[in-house]
Structure formats: C-alpha cells, structure tokens
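Text of the file structure-v7.txt, holding compact mmCIF, C-alpha atoms and all ligand atoms:
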```
# COMPACT_ATOMS: atom_id res chain seq x y z
CA MET A 1 0.00 0.00 0.00
CA ARG A 2 3.05 2.21 -0.24
CA ASN A 3 2.44 5.69 -1.63
CA HIS A 4 -1.27 5.26 -1.45
CA LYS A 5 -3.67 7.85 -0.19
CA PHE A 6 -6.48 6.98 2.15
CA ASN A 7 -9.46 9.16 2.91
CA GLY A 8 -11.93 9.31 5.72
CA LYS A 9 -14.61 11.47 7.24
CA CYS A 10 -17.03 11.79 10.11
CA LEU A 11 -20.69 10.93 9.74
CA CYS A 12 -21.81 14.46 8.87
CA GLY A 13 -18.81 15.15 6.62
CA ARG A 14 -17.69 18.37 8.33
CA ILE A 15 -14.37 16.75 9.16
CA ARG A 16 -12.41 15.03 6.43
CA PHE A 17 -8.89 13.74 6.28
CA GLU A 18 -6.39 12.22 3.93
CA ALA A 19 -3.52 9.97 4.97
CA GLU A 20 -0.58 9.33 2.70
CA GLY A 21 1.80 6.42 2.78
CA GLU A 22 1.77 2.96 4.21
CA PRO A 23 -0.22 2.40 7.39
CA LEU A 24 2.05 1.85 10.39
CA TRP A 25 -0.10 -0.87 11.90
CA VAL A 26 -3.68 -2.10 12.29
CA ALA A 27 -5.06 -3.54 15.51
CA HIS A 28 -8.19 -4.38 17.43
CA CYS A 29 -8.27 -2.71 20.84
CA HIS A 30 -10.43 -4.16 23.60
CA CYS A 31 -9.72 -1.57 26.27
CA ASN A 32 -12.50 -0.10 28.31
CA SER A 33 -11.64 3.48 27.31
CA CYS A 34 -12.01 2.71 23.61
CA ARG A 35 -15.30 1.00 24.26
CA ARG A 36 -16.74 3.95 26.11
CA SER A 37 -15.34 6.42 23.63
CA THR A 38 -16.81 4.68 20.60
CA GLY A 39 -19.82 2.84 21.98
CA ALA A 40 -18.59 -0.28 20.21
CA PRO A 41 -17.62 -3.56 21.92
CA VAL A 42 -14.23 -3.55 20.16
CA THR A 43 -12.37 -0.79 18.37
CA THR A 44 -10.10 -1.25 15.38
CA PHE A 45 -7.39 1.31 14.65
CA VAL A 46 -5.14 2.12 11.74
CA GLY A 47 -2.04 4.18 12.47
CA PHE A 48 -0.34 6.70 10.18
CA GLU A 49 2.51 9.15 10.41
CA ARG A 50 0.95 12.36 11.68
CA GLU A 51 2.90 14.59 9.33
CA ARG A 52 1.49 12.71 6.34
CA VAL A 53 -2.11 13.26 7.39
CA THR A 54 -4.13 16.30 6.36
CA ILE A 55 -7.26 17.08 8.31
CA THR A 56 -9.89 19.61 7.27
CA GLY A 57 -12.54 20.78 9.69
CA GLU A 58 -12.08 21.41 13.38
CA ARG A 59 -11.84 18.41 15.65
CA LYS A 60 -12.69 18.53 19.30
CA THR A 61 -10.30 16.67 21.55
CA PHE A 62 -10.72 14.94 24.87
CA ASN A 63 -7.92 13.82 27.18
CA SER A 64 -8.92 10.31 28.19
CA SER A 65 -5.56 10.04 30.00
CA PRO A 66 -3.12 12.90 30.68
CA ASP A 67 -1.09 12.21 27.54
CA VAL A 68 -3.86 10.82 25.35
CA PHE A 69 -5.93 12.90 22.98
CA ARG A 70 -9.04 11.41 21.44
CA SER A 71 -10.74 13.51 18.80
CA PHE A 72 -14.29 13.66 17.58
CA CYS A 73 -16.66 15.79 15.52
CA ALA A 74 -18.55 18.17 17.78
CA HIS A 75 -21.45 18.32 15.35
CA CYS A 76 -22.24 14.65 14.74
CA GLY A 77 -20.27 13.08 17.58
CA THR A 78 -18.28 10.66 15.44
CA PRO A 79 -15.12 9.47 17.23
CA LEU A 80 -12.19 10.04 14.88
CA SER A 81 -8.71 9.52 16.22
CA TYR A 82 -6.34 8.71 19.04
CA GLU A 83 -3.01 10.42 19.63
CA SER A 84 -0.63 9.81 22.52
CA GLU A 85 2.65 11.34 23.59
CA ARG A 86 3.83 7.74 23.97
CA CYS A 87 3.47 7.28 20.22
CA PRO A 88 5.03 10.54 19.04
CA GLY A 89 4.49 11.46 15.44
CA GLU A 90 1.60 9.08 14.96
CA ILE A 91 -2.15 9.39 14.61
CA HIS A 92 -4.43 6.41 14.98
CA PHE A 93 -7.80 6.57 13.28
CA TYR A 94 -10.79 4.49 14.27
CA ILE A 95 -10.96 2.30 11.22
CA SER A 96 -14.68 2.75 10.69
CA VAL A 97 -14.20 6.39 9.72
CA MET A 98 -11.98 5.38 6.81
CA ASP A 99 -13.62 5.25 3.38
CA THR A 100 -11.98 1.91 2.58
CA PRO A 101 -11.76 -0.07 5.82
CA ASP A 102 -11.51 -3.35 3.92
CA VAL A 103 -8.00 -2.64 2.70
CA PHE A 104 -6.52 -2.54 6.22
CA LYS A 105 -5.89 -6.01 7.58
CA PRO A 106 -5.78 -6.25 11.38
CA GLN A 107 -2.54 -7.71 12.75
CA ARG A 108 -3.33 -8.30 16.42
CA HIS A 109 -5.56 -7.72 19.39
CA VAL A 110 -4.35 -5.43 22.17
CA PHE A 111 -5.65 -5.03 25.72
CA HIS A 112 -7.28 -8.37 25.16
CA GLU A 113 -7.54 -8.93 28.92
CA GLU A 114 -10.25 -6.26 28.98
CA HIS A 115 -12.36 -7.80 26.23
CA ILE A 116 -16.07 -8.40 26.76
CA SER A 117 -16.47 -12.05 27.63
CA TRP A 118 -19.12 -12.81 25.03
CA LEU A 119 -17.11 -11.28 22.23
CA GLU A 120 -14.90 -13.88 20.56
CA LEU A 121 -13.63 -13.01 17.12
CA ASN A 122 -12.90 -15.93 14.86
CA ASP A 123 -9.33 -15.20 13.82
CA ASP A 124 -5.85 -16.49 14.59
CA LEU A 125 -4.31 -13.10 15.32
CA PRO A 126 -2.13 -12.80 18.42
CA ARG A 127 -3.84 -11.57 21.58
CA TYR A 128 -1.82 -9.24 23.79
CA GLU A 129 -2.33 -8.06 27.31
CA GLY A 130 -1.82 -4.35 27.06
CA ILE A 131 0.58 -3.51 24.29
CA ASP A 132 3.74 -5.54 23.85
CA ARG A 133 6.83 -3.36 23.68
CA ASP A 134 8.65 -6.02 21.69
CA GLU A 135 6.49 -5.02 18.81
CA PRO A 136 7.35 -2.01 16.63
CA SER A 137 8.01 1.24 18.48
CA SER A 138 4.55 2.54 17.84
CA TRP A 139 3.11 0.04 20.30
CA GLY A 140 4.06 2.04 23.38
CA PRO A 141 5.59 0.94 26.67
CA LYS A 142 5.00 -2.64 27.71
CA ARG A 143 1.95 -3.27 29.83
CA SER A 144 1.43 0.41 30.37
CA SER A 145 -2.00 1.87 30.23
CA VAL A 146 -2.04 3.97 27.10
CA ASN A 147 -5.76 3.94 26.78
ZN ZN B 1 -19.32 15.28 11.85
ZN ZN B 2 -8.12 1.02 23.46
```
Rewrite the structure of this file - the entire thing - as structure tokens.
Amino acid sequence: MRNHKFNGKCLCGRIRFEAEGEPLWVAHCHCNSCRRSTGAPVTTFVGFERERVTITGERKTFNSSPDVFRSFCAHCGTPLSYESERCPGEIHFYISVMDTPDVFKPQRHVFHEEHISWLELNDDLPRYEGIDRDEPSSWGPKRSSVN
C-alpha cells in the first residue's frame, strides 16, 4: 500500500482527512476506554505518520488520560482519532471512519484482557495483554495503560 492515499470522514462530513503512505499498523483494541469512547464492543485502529495526514474541519479533543488525545466531531459526535505522547508522530484513526476499511488487515488484538467475555472473534491473530513493547516502536511501553 506504499504511496497510497487513504481518505476518511465523520458521519456528517464536516471533518475530512487524507492519509498518505503505508499504514504503520492495524489492531483491534479491547480496552474499556475505547469501548466507552466509541460505543462499540471492540475498536479497530489504523495508524499513520501524523505529518502525512491532512485534516480539514475542526476536531474537538478529549484527554482520556493525561497524555492521550481522542478527537471527535462536535457536530455529529463521530469518534475520529487517538493520539498519545507515547506514540510521538503518529495518529491512529478508528478504522470505521476510513472510506476503505476493507484494505486494512488487522494484525493483532491489544488489551485483550479487557475484552467483553461474550465477544470472541474468529481469527488467529495474536492476543496481547496491554501492548507488547517487543512489537514495533509505535506500540508504546509494555503493559502500560495507554488507553
Ligand atoms: Zn461530523
Ligand atoms: Zn483502546
């Protein structure tokens, strides 16, 4: 997917964005903060380099942890993105706001220990407690709470 451009938008369309380049990673997050923030039982993210993302429209942000910024559209309420000082230079979009979510293949589950007990996804992807620091740098400190 190198050199591709990926577009996304909120439900009302007031906020639109374009990401260039290869996605850094794709993951399902089962943490409680993502669930509350999105209203969904599991949240899937795709990460990009922040400097290669152009956003039009004004996002509202909420600090769900001191160094975590979650953004959303103040008009329609769509959750849009996650940014953390622990993943500098990155922006992680909720995959359902992308125009082409099918092209991003999830690689793993994170914060699986917080998953809802009745939710079992039928895949062979690795399940991590928290985020494993042995993974690429964008995964954040081991076992830390970056939600
Ligand atoms: Zn909107
Ligand atoms: Zn999460």
Could you make a table, as a tab-separated table, of the residues of chain A that have an atom within 10 Å of an atom of ligand ZN 1 (chain B), each with its nearest atom pair and distance in Å to one decimal, counting all atoms listed in the file, in chain and number order?
```
residue	atom	partner	partner_atom	distance
A:Lys9	CA	B:ZN1	ZN	7.6
A:Cys10	CA	B:ZN1	ZN	4.5
A:Leu11	CA	B:ZN1	ZN	5.0
A:Cys12	CA	B:ZN1	ZN	4.0
A:Gly13	CA	B:ZN1	ZN	5.3
A:Arg14	CA	B:ZN1	ZN	5.0
A:Ile15	CA	B:ZN1	ZN	5.8
A:Arg16	CA	B:ZN1	ZN	8.8
A:Gly57	CA	B:ZN1	ZN	9.0
A:Glu58	CA	B:ZN1	ZN	9.6
A:Arg59	CA	B:ZN1	ZN	9.0
A:Phe72	CA	B:ZN1	ZN	7.8
A:Cys73	CA	B:ZN1	ZN	4.6
A:Ala74	CA	B:ZN1	ZN	6.6
A:His75	CA	B:ZN1	ZN	5.1
A:Cys76	CA	B:ZN1	ZN	4.2
A:Gly77	CA	B:ZN1	ZN	6.2
A:Thr78	CA	B:ZN1	ZN	5.9
A:Pro79	CA	B:ZN1	ZN	9.0
A:Leu80	CA	B:ZN1	ZN	9.4
```
Filtering to C-alpha atoms, could you give me those residues as a PDB file, in the frame of the given file?
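Okay, selection_16.pdb is ready:
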```
ATOM      1  CA  LYS A   9     -14.610  11.470   7.240  1.00  0.00           C
ATOM      2  CA  CYS A  10     -17.030  11.790  10.110  1.00  0.00           C
ATOM      3  CA  LEU A  11     -20.690  10.930   9.740  1.00  0.00           C
ATOM      4  CA  CYS A  12     -21.810  14.460   8.870  1.00  0.00           C
ATOM      5  CA  GLY A  13     -18.810  15.150   6.620  1.00  0.00           C
ATOM      6  CA  ARG A  14     -17.690  18.370   8.330  1.00  0.00           C
ATOM      7  CA  ILE A  15     -14.370  16.750   9.160  1.00  0.00           C
ATOM      8  CA  ARG A  16     -12.410  15.030   6.430  1.00  0.00           C
ATOM      9  CA  GLY A  57     -12.540  20.780   9.690  1.00  0.00           C
ATOM     10  CA  GLU A  58     -12.080  21.410  13.380  1.00  0.00           C
ATOM     11  CA  ARG A  59     -11.840  18.410  15.650  1.00  0.00           C
ATOM     12  CA  PHE A  72     -14.290  13.660  17.580  1.00  0.00           C
ATOM     13  CA  CYS A  73     -16.660  15.790  15.520  1.00  0.00           C
ATOM     14  CA  ALA A  74     -18.550  18.170  17.780  1.00  0.00           C
ATOM     15  CA  HIS A  75     -21.450  18.320  15.350  1.00  0.00           C
ATOM     16  CA  CYS A  76     -22.240  14.650  14.740  1.00  0.00           C
ATOM     17  CA  GLY A  77     -20.270  13.080  17.580  1.00  0.00           C
ATOM     18  CA  THR A  78     -18.280  10.660  15.440  1.00  0.00           C
ATOM     19  CA  PRO A  79     -15.120   9.470  17.230  1.00  0.00           C
ATOM     20  CA  LEU A  80     -12.190  10.040  14.880  1.00  0.00           C
TER      21      LEU A  80
END
```
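Applying the 10 Å criterion to (-12.5, 10.1, 24.8) in file coordinates and using all atoms listed in the file, one obtains the residues Ser33, Cys34, Arg35, Arg36, Ser37, Thr38, Thr61, Phe62, Asn63, Ser64, Ser65, Val68, Phe69, Arg70, Ser71, Phe72, Pro79, Leu80, Ser81, Tyr82 and Asn147 of chain A.
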* To do: Check which residues fall inside 12 Å of ligand ZN 2 (chain B) when counting only C-alpha atoms and all ligand atoms, and print them as a PyMOL selection string.
  => chain A and resi 27-45+64-65+68+70+81-84+92-94+109-115+129-131+139+144-147
* Two-atom distance - CA of Glu22 (chain A), CA of Asp124 (chain A) (Å) -> 23.3 Å
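Of the residues under consideration (A:Phe104, A:Tyr128, A:Phe48, A:Trp118), A:Phe48 shows the shortest atom-to-atom contact distance to Leu24 (chain A) when counting only C-alpha atoms.
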* **Contacts of region 18-20 of chain A within 6 Å, only C-alpha atoms, excl. fewer than 3 positions in-chain, as a ChimeraX atom specification** => /A:4-7,52-54
* Interatomic distance (Å, one decimal) between CA of Val46 (chain A) and CA of Asn122 (chain A) -> 19.9 Å
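You will find CA of Leu121 (chain A) at 11.8 Å from CA of Pro106 (chain A).
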Centre, edges in Å (one decimal): axis-aligned box, region 103-110 of chain A, 5 Å padding on all six sides, as lines of an AutoDock Vina configuration file:
```
center_x = -5.3
center_y = -5.4
center_z = 12.4
size_x = 15.5
size_y = 15.8
size_z = 29.5
```
* Structure fact -> Min atom-atom distance to Arg86 (chain A) from the set A:Asp67, A:Ile116, A:Asp99, A:Glu49, counting only C-alpha atoms, belongs to A:Asp67
